[in-house]
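Visitor: Okay, handing you the structure first.
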Amino acid sequence: MALHNGTMDLLENTVGVSDAVMLEPLTEELFIENLQKRFRAGQIYTYIGNVVVSVNPYRKLPLYTSDVIFEYKSRNIYELPPHVYAIADDAYRSMRDKNLDQCIIISGESGSGKTEASKVIMQYIAAVSGKGQDIDRVKEQLLQSNPVLEAFGNAKTNRNDNSSRFGKYMDIEFDYKGDPIGGVITNYLLEKSRVAVHSEGERSFHIFYQLLTGADDNLMRFLKLHRNHEQYRYLEHSGSIEVETIDDQDDFNVTLRAMEVIGFADEEIQAVLEVVAAVLKLGNVEFVHHGNLDGTDGCQLKQADEVQDICDLLQCDFAVLKSALTQKTVETRGDRVTVGLSAAGASYARDALAKALYSRLFSWLVSMINDSIRVRSAGKRKVMGVLDIYGFEIFQNNSFEQFVINYCNEKLQQIFIELTLKEEQEEYIKEGIEWIHVEYFNNSIICELIEKNNVGILAMLDEECLRPGKVDDLTFLNKLGETCGEHPHFESRGCKKSLSDKTLPHDCFRLQHYAGDVTYKVDGFIDKNNDLLFRDLSQAMFKCDHLLCKELFPEGDPEKLSLKRPPTTGSQFKQSISELMKNLLSKNPNYIRCIKPNDLKRGLMIEEKLVRHQVRYLGLLENVRVRRAGYAFRQLYEQFLYRYKMLAIETWPSWHGPPQKGVKEILTEQEISDEEFAFGKRKLFVRNPKTLFDLEERRRYRMNYLATVIQTQYRGWHQLMLFLRMKQGQILIASQYRGYRERTKYQRLRCAAMVVQAFIRGWKARLLARKLRHEKLCIWAVAIIRKYFIGWQVRKEFRKKFRANAAPKIIRFLQVALKRRYLVKLSRSLPSQSPISTDWPKCSFLYRKPSEEIKKVYHRWRCQKYRTKFDETSKSKMREKVTASNLFKDKKASYPISIPHPYKGDYVRLRQNQKWNKVSRQTDDQYVVFADLVYKVNRSNGKLVPKLLAVSTNAVLVIDQRSMVIKYRIPVQTIQKISLSPFKDTMVILHIRKQENGMLGKKGDFMFNVDHVIEMVAKTYLVAQNALGKPPEVVIAPKLQAELTGHISELNFKAGIEDIPNGSVKISKKHHRFDILEA
């Protein structure tokens, strides 16, 4: 659409005719040809009066940018080319400024772009209405309701990749300023049968595929799902999993974000996904035949895993759900009988439960959205409704769903014709123009055939569903034939007029709708109208502890048990359609009629046969005829006068009288017959479109003439202005040039004077500088001569007094002076008194050795000063740290890690243990220097046994950590040697001196795994040194020996083993060899 190069008029710069009312002659071929021309030129919108006909382009067009929205804002509907924005703006301003409630009715078949049109309208309303935090929140919630409803209510069909499988009517509520403050959504007849079955090449609802593709692995495990779509019976038979135009993963994230914006809590979103997963799982439940004892058919579960998963998701008892799926309870006059279901009956009950779960979940979602977007403030409100409902459907096989959908479209067509005629008639009466009766097809006879009480098709269907005895779809068809056989718009093989019609099958009936003949197959009408769910299943769902189940199945509450039959689907739909019609009749209607150009979903391709069919069933030509009845074109006097004022001398260039009189002057000047127009109170009515086109042609010719006159005048004025500007410019240039010339001359003279001045100043400065240099040299020469003369005098005077050893004394004096200066300088620049500081002042190479000695003396002095600050506890801790450094530095790999950690000693608070205090007094081990939980290595098998290890000032004690019983007491005098590996392990071996008649001598050496091994060894080392006067030997090597139970065993340490976790060891024993492995 070559849009928006400035303001464009409806009658200019457009392909074909923008308003079909102006077509001449009005034929179906010309109407379709006009649509084709505009479609191929990218102009997808065409008016029929104030009705917009929209052809789905199946490609991106630059029609919906913020610039286009701004251009259509607050503009008359005919000021710019046809657009959905024009209809939305006209409805919005009528609601805001005139207090008229509005509704926008979007109709058309599946794939014609109805859903996108409703989105565009919402986008426009959000853009042109007010701003503010609360208003923006409401707008965002209204806009984000679309992704949620599309995910749960839309599906891919053979005609449309994003087909709405439900009807939606949204009332957007505004305050007195025209700002949105909330809304209400009403949904109609979700196609829940799609959950269990759909045609080849189609998909189920989007949310199933979004969940399996977009959910993360944790969520999939939580919901007990797999990503393979073919593992689910409800999805596998479609043959269409991935769709080019749909990104299920991205759409899933969009859906979750939209639910969060609307206000769903995290637990509610989780509950919704659990129900969706349960529906998928239900499809995989299978039954096998099982004969009952009484000879009747029964069934049992083929596999219980899927049912168990459903029970986990819905928090249901397995036995209750299993019983509800395989049995049903029949109640008659107080008696309750449990009857087993056959495999086919159980499958039917399973599918019924899945459909009920999903459809009720969808209704719950709509109610939650309504609760989020409902108006919470009191006060007068204005309403704009947007109706996006399924279009007329004619398939190869048409069933109950197509019947009720087409019934809805019949009602919409009826209200469309009625409201259009009413609007035309009101405008004629308002303008004082005589109304002319219009012939049109009144489809009320078809609506009565379907909905009339007692004798309508819906009434017959309800009556057949309630009738006792054998009832099936064929008995219903026979009843229709008896009741409606004489109706001119009904046909079946049971009617006399259709007995020989072989195109009509015996299990079908045909209705002559306004859009064409549709043949309906009665198979499934009774079941779909009943829409029964066994009471056992409702009660089983109510017993679930799931967040939603009790709310979704209130009839399952045993305290509210009712034997009353629920209303049928047909009666519910008839009631909702009746309420919808009342709602629409109470508002000012606006129409968008959507057309699907082709079945291949390709851009720039239009199938004439398909478009012709839609033009007929949408009744577009009838709409044009109604608009053209009597007068095809009408326009306000002011607008007509503004557009055509150049056609009369009296009205050009401006008219100051009444607008109607000015219009008469124009029509009189153009000699237009009085029969071709009529004067209303505010508008001019033109009978024939040809008259308007003639006026347009004359206006175009007159505009060309006026343009030539204006160009002539403008060119003369332009040349005069050019001459005056050139003359003024010549004067300005001359004056500027003369000024420039004089300024240049002055600058040259000034520059020359400055150069002469610079040379003179330089010459004077050089003379002065030469004189000053000579004077300075003279003064320097005098000083040198005087100094040498004085020296000569002194040497001459004192030569006889000098001795032979004067030179060495002078040298020694100089050396002492230099040394003293060095020491004074050093005393002023001594480094920090911190013992760890390595800083030292630099010195001359002459004093390098003294500097090193002074550095050592200074370091010993500051270390002594640092030690004097310690108390006894700190001295002890420092002694332990120094001991650890002497023992392990550059020897044990784990030593650097232990340096920054202070030694706590008692890691288990042993001194505060009452049992220990009692035991320690008996063994004289009250003074504990180290205590920690360790692992003692079993000598026989190398296993690690947890023990409590304590090091006192007298002994090393191995204690049972529970009973505080001392297992082994190793006096420090008996510790001969301590062994460790050089690696990062925490193993330590205490070598015991052999004792006669002693138990320790028999046991041999001890092996421990101690977390704080560095601290434990350092403290044991010091305790043994204090007790014996000399320390025990400490051996650090990868291979060690130890005496265990009388034998010498080899201990081999290995590091870098990948299979062992960090910080742990693995000990294996083979004969007298222990292999100790670490990571």
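Quick note on naming: the chains in the structure tokens go A, B, ... in the order shown, residues restart at 1 in each chain, and ligands are numbered from 1 in order of appearance.
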Counting only C-alpha atoms, what is within 10 Å of Arg59 (chain A), bar same-chain residues fewer than 5 positions away, as a VMD selection string?

Guide: chain A and resid 42 601 to 604

Visitor: Save out the residues we just selected, N, CA and C atoms, as a PDB file, in the first residue's frame.

Guide:
```
ATOM      1  N   GLY A  42      -0.908  -4.273  -2.864  1.00  0.00           N
ATOM      2  CA  GLY A  42      -0.607  -4.128  -1.446  1.00  0.00           C
ATOM      3  C   GLY A  42      -1.655  -3.365  -0.674  1.00  0.00           C
ATOM      4  N   LYS A 601      -1.809 -20.333   1.625  1.00  0.00           N
ATOM      5  CA  LYS A 601      -1.192 -19.381   2.558  1.00  0.00           C
ATOM      6  C   LYS A 601      -0.002 -18.670   1.921  1.00  0.00           C
ATOM      7  N   ARG A 602      -0.136 -18.274   0.661  1.00  0.00           N
ATOM      8  CA  ARG A 602       0.935 -17.602  -0.062  1.00  0.00           C
ATOM      9  C   ARG A 602       0.570 -16.148  -0.317  1.00  0.00           C
ATOM     10  N   GLY A 603       1.577 -15.285  -0.226  1.00  0.00           N
ATOM     11  CA  GLY A 603       1.356 -13.880  -0.530  1.00  0.00           C
ATOM     12  C   GLY A 603       1.233 -13.629  -2.021  1.00  0.00           C
ATOM     13  N   LEU A 604       0.531 -12.540  -2.382  1.00  0.00           N
ATOM     14  CA  LEU A 604       0.351 -12.095  -3.772  1.00  0.00           C
ATOM     15  C   LEU A 604      -0.372 -13.136  -4.628  1.00  0.00           C
TER      16      LEU A 604
END
```

Visitor: With only C-alpha atoms as the counted atoms, please give the residues lying no more than 9 Å from region 231-237 of chain A, apart from itself and same-chain residues fewer than 2 positions off, as a PyMOL selection string.

Guide: chain A and resi 194-201+203-204+208-209+226-229+239-241+279-284

Visitor: Which neighbours of region 916-918 of chain A fall inside 12 Å, counting only C-alpha atoms, when residues of the same chain fewer than 3 positions from it are skipped, and could you give them as a PyMOL selection string?

Guide: chain A and resi 908-913+921-928+931+948+950+957+959-966

Visitor: Only N, CA, C and O atoms, please: the residues just picked out, written as a JSON list (two decimals), in the first residue's frame.

Guide:
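Produced file out_23.json, reproduced below:
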```
[["chain", "number", "residue", "atom", "x", "y", "z"],
["A", 908, "VAL", "N", 37.02, -29.95, 69.51],
["A", 908, "VAL", "CA", 35.76, -30.58, 69.91],
["A", 908, "VAL", "C", 35.32, -30.11, 71.28],
["A", 908, "VAL", "O", 34.40, -30.68, 71.86],
["A", 909, "ARG", "N", 35.99, -29.05, 71.83],
["A", 909, "ARG", "CA", 35.64, -28.50, 73.14],
["A", 909, "ARG", "C", 35.67, -29.59, 74.22],
["A", 909, "ARG", "O", 34.75, -29.76, 75.02],
["A", 910, "LEU", "N", 36.77, -30.37, 74.18],
["A", 910, "LEU", "CA", 36.89, -31.52, 75.07],
["A", 910, "LEU", "C", 37.01, -31.08, 76.53],
["A", 910, "LEU", "O", 36.51, -31.74, 77.45],
["A", 911, "ARG", "N", 37.65, -29.96, 76.78],
["A", 911, "ARG", "CA", 37.88, -29.51, 78.16],
["A", 911, "ARG", "C", 36.56, -29.23, 78.88],
["A", 911, "ARG", "O", 36.51, -29.21, 80.10],
["A", 912, "GLN", "N", 35.49, -28.97, 78.12],
["A", 912, "GLN", "CA", 34.20, -28.64, 78.73],
["A", 912, "GLN", "C", 33.33, -29.88, 78.91],
["A", 912, "GLN", "O", 32.19, -29.78, 79.34],
["A", 913, "ASN", "N", 33.85, -31.05, 78.53],
["A", 913, "ASN", "CA", 33.08, -32.30, 78.62],
["A", 913, "ASN", "C", 33.21, -32.85, 80.05],
["A", 913, "ASN", "O", 34.33, -33.06, 80.55],
["A", 921, "ARG", "N", 41.23, -36.74, 85.20],
["A", 921, "ARG", "CA", 41.82, -36.62, 86.54],
["A", 921, "ARG", "C", 42.42, -37.94, 87.02],
["A", 921, "ARG", "O", 43.40, -37.97, 87.75],
["A", 922, "GLN", "N", 41.84, -39.04, 86.56],
["A", 922, "GLN", "CA", 42.33, -40.35, 86.95],
["A", 922, "GLN", "C", 43.66, -40.67, 86.28],
["A", 922, "GLN", "O", 44.51, -41.37, 86.83],
["A", 923, "THR", "N", 43.86, -40.17, 85.05],
["A", 923, "THR", "CA", 45.08, -40.50, 84.28],
["A", 923, "THR", "C", 46.07, -39.33, 84.27],
["A", 923, "THR", "O", 47.10, -39.41, 83.60],
["A", 924, "ASP", "N", 45.73, -38.24, 84.96],
["A", 924, "ASP", "CA", 46.60, -37.06, 85.02],
["A", 924, "ASP", "C", 46.84, -36.48, 83.62],
["A", 924, "ASP", "O", 47.96, -36.18, 83.23],
["A", 925, "ASP", "N", 45.76, -36.39, 82.85],
["A", 925, "ASP", "CA", 45.83, -35.83, 81.49],
["A", 925, "ASP", "C", 44.91, -34.63, 81.34],
["A", 925, "ASP", "O", 44.25, -34.43, 80.33],
["A", 926, "GLN", "N", 44.82, -33.79, 82.39],
["A", 926, "GLN", "CA", 43.88, -32.67, 82.34],
["A", 926, "GLN", "C", 44.30, -31.62, 81.31],
["A", 926, "GLN", "O", 43.45, -30.95, 80.72],
["A", 927, "TYR", "N", 45.60, -31.48, 81.09],
["A", 927, "TYR", "CA", 46.07, -30.40, 80.22],
["A", 927, "TYR", "C", 46.15, -30.93, 78.77],
["A", 927, "TYR", "O", 47.10, -31.62, 78.40],
["A", 928, "VAL", "N", 45.11, -30.63, 78.00],
["A", 928, "VAL", "CA", 45.00, -31.11, 76.61],
["A", 928, "VAL", "C", 45.50, -30.00, 75.69],
["A", 928, "VAL", "O", 45.05, -28.84, 75.77],
["A", 931, "ALA", "N", 42.86, -31.76, 70.46],
["A", 931, "ALA", "CA", 41.76, -32.73, 70.48],
["A", 931, "ALA", "C", 40.94, -32.56, 69.21],
["A", 931, "ALA", "O", 40.56, -31.44, 68.86],
["A", 948, "LEU", "N", 38.15, -40.34, 68.74],
["A", 948, "LEU", "CA", 38.51, -39.03, 69.26],
["A", 948, "LEU", "C", 39.96, -39.09, 69.71],
["A", 948, "LEU", "O", 40.33, -39.93, 70.53],
["A", 950, "ALA", "N", 43.22, -37.22, 71.44],
["A", 950, "ALA", "CA", 43.59, -36.12, 72.33],
["A", 950, "ALA", "C", 45.08, -36.22, 72.65],
["A", 950, "ALA", "O", 45.61, -37.32, 72.88],
["A", 957, "LEU", "N", 46.07, -39.91, 73.53],
["A", 957, "LEU", "CA", 44.98, -40.78, 73.95],
["A", 957, "LEU", "C", 44.02, -41.00, 72.78],
["A", 957, "LEU", "O", 43.64, -40.06, 72.07],
["A", 959, "ILE", "N", 40.27, -42.22, 72.13],
["A", 959, "ILE", "CA", 39.07, -42.26, 72.99],
["A", 959, "ILE", "C", 37.86, -42.60, 72.14],
["A", 959, "ILE", "O", 37.74, -42.18, 70.98],
["A", 960, "ASP", "N", 36.94, -43.38, 72.70],
["A", 960, "ASP", "CA", 35.64, -43.62, 72.04],
["A", 960, "ASP", "C", 34.80, -42.34, 72.18],
["A", 960, "ASP", "O", 34.55, -41.88, 73.29],
["A", 961, "GLN", "N", 34.37, -41.80, 71.06],
["A", 961, "GLN", "CA", 33.76, -40.47, 71.08],
["A", 961, "GLN", "C", 32.38, -40.46, 71.71],
["A", 961, "GLN", "O", 31.89, -39.40, 72.10],
["A", 962, "ARG", "N", 31.74, -41.59, 71.82],
["A", 962, "ARG", "CA", 30.41, -41.63, 72.43],
["A", 962, "ARG", "C", 30.50, -41.85, 73.94],
["A", 962, "ARG", "O", 29.91, -41.10, 74.73],
["A", 963, "SER", "N", 31.23, -42.90, 74.33],
["A", 963, "SER", "CA", 31.26, -43.24, 75.76],
["A", 963, "SER", "C", 32.38, -42.53, 76.51],
["A", 963, "SER", "O", 32.43, -42.57, 77.74],
["A", 964, "MET", "N", 33.33, -41.89, 75.78],
["A", 964, "MET", "CA", 34.48, -41.20, 76.36],
["A", 964, "MET", "C", 35.36, -42.17, 77.14],
["A", 964, "MET", "O", 36.05, -41.81, 78.09],
["A", 965, "VAL", "N", 35.37, -43.42, 76.70],
["A", 965, "VAL", "CA", 36.25, -44.43, 77.30],
["A", 965, "VAL", "C", 37.57, -44.40, 76.56],
["A", 965, "VAL", "O", 37.61, -44.37, 75.32],
["A", 966, "ILE", "N", 38.69, -44.39, 77.30],
["A", 966, "ILE", "CA", 40.02, -44.34, 76.68],
["A", 966, "ILE", "C", 40.37, -45.73, 76.17],
["A", 966, "ILE", "O", 40.48, -46.71, 76.93]]
```

Visitor: Enumerate, as an NGL selection string, the complete set of residues in region 586-793 of chain A that a backbone-based DSSP assignment places in helix (DSSP H, G or I).

Guide: :A and (608-617 or 620-628 or 637-647 or 659-669 or 674-676 or 689-793)

Visitor: Excluding same-chain residues fewer than 4 positions from Asn886 (chain A), what lies within 12 Å of it counting only C-alpha atoms, as a list of chain:residue names?

Guide: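 My list of contacting residues is A:Arg879, A:Glu880, A:Lys881, A:Val882, A:Asp890, A:Lys891, A:Lys892, A:Tyr895, A:Ile1014, A:Val1017, A:Ala1018, A:Tyr1021, A:Val1034.
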
Visitor: If you run DSSP over the backbone, which residues in region 382-482 of chain A end up strand (DSSP E or B)? Put them as an MDAnalysis selection string.

Guide: chainID A and resid 382:388 398

Visitor: Hey, can you spit out that residue selection with N, CA and C atoms as an mmCIF file, in the first residue's frame?

Guide:
```
data_model
loop_
_atom_site.group_PDB
_atom_site.id
_atom_site.type_symbol
_atom_site.label_atom_id
_atom_site.label_comp_id
_atom_site.auth_asym_id
_atom_site.auth_seq_id
_atom_site.Cartn_x
_atom_site.Cartn_y
_atom_site.Cartn_z
ATOM 1 N N LYS A 382 -17.448 3.547 29.948
ATOM 2 C CA LYS A 382 -17.793 3.378 28.544
ATOM 3 C C LYS A 382 -17.194 2.067 28.070
ATOM 4 N N VAL A 383 -17.836 1.467 27.067
ATOM 5 C CA VAL A 383 -17.458 0.111 26.668
ATOM 6 C C VAL A 383 -17.223 0.061 25.158
ATOM 7 N N MET A 384 -16.142 -0.646 24.773
ATOM 8 C CA MET A 384 -15.916 -0.995 23.375
ATOM 9 C C MET A 384 -15.712 -2.509 23.312
ATOM 10 N N GLY A 385 -16.569 -3.186 22.568
ATOM 11 C CA GLY A 385 -16.471 -4.629 22.437
ATOM 12 C C GLY A 385 -15.775 -5.021 21.147
ATOM 13 N N VAL A 386 -15.009 -6.120 21.201
ATOM 14 C CA VAL A 386 -14.355 -6.666 20.011
ATOM 15 C C VAL A 386 -14.747 -8.136 19.926
ATOM 16 N N LEU A 387 -15.444 -8.502 18.849
ATOM 17 C CA LEU A 387 -15.908 -9.876 18.654
ATOM 18 C C LEU A 387 -15.042 -10.554 17.603
ATOM 19 N N ASP A 388 -14.320 -11.596 18.028
ATOM 20 C CA ASP A 388 -13.504 -12.410 17.119
ATOM 21 C C ASP A 388 -14.034 -13.830 17.223
ATOM 22 N N ASN A 398 -19.067 -32.355 7.717
ATOM 23 C CA ASN A 398 -19.511 -31.333 8.668
ATOM 24 C C ASN A 398 -20.295 -32.006 9.780
#
```

Visitor: Rank A:Asn704, A:Thr519, A:Thr475, A:Ser323 by their smallest atom-to-atom distance to Leu537 (chain A), using only C-alpha atoms, and report the top residue only.

Guide: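 The answer is A:Ser323, which sits nearest to Leu537 (chain A).
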
Visitor: What's the separation between CA of Asn583 (chain A) and CA of Lys131 (chain A), in Å to one decimal place?

Guide: 28.9 Å

Visitor: Please determine, counting only C-alpha atoms, which residue among A:Glu579, A:Leu325, A:Arg628, A:Arg862 has the shortest atom-to-atom distance to Ser832 (chain A).

Guide: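 Distance minimum relative to Ser832 (chain A) lands on A:Arg862.
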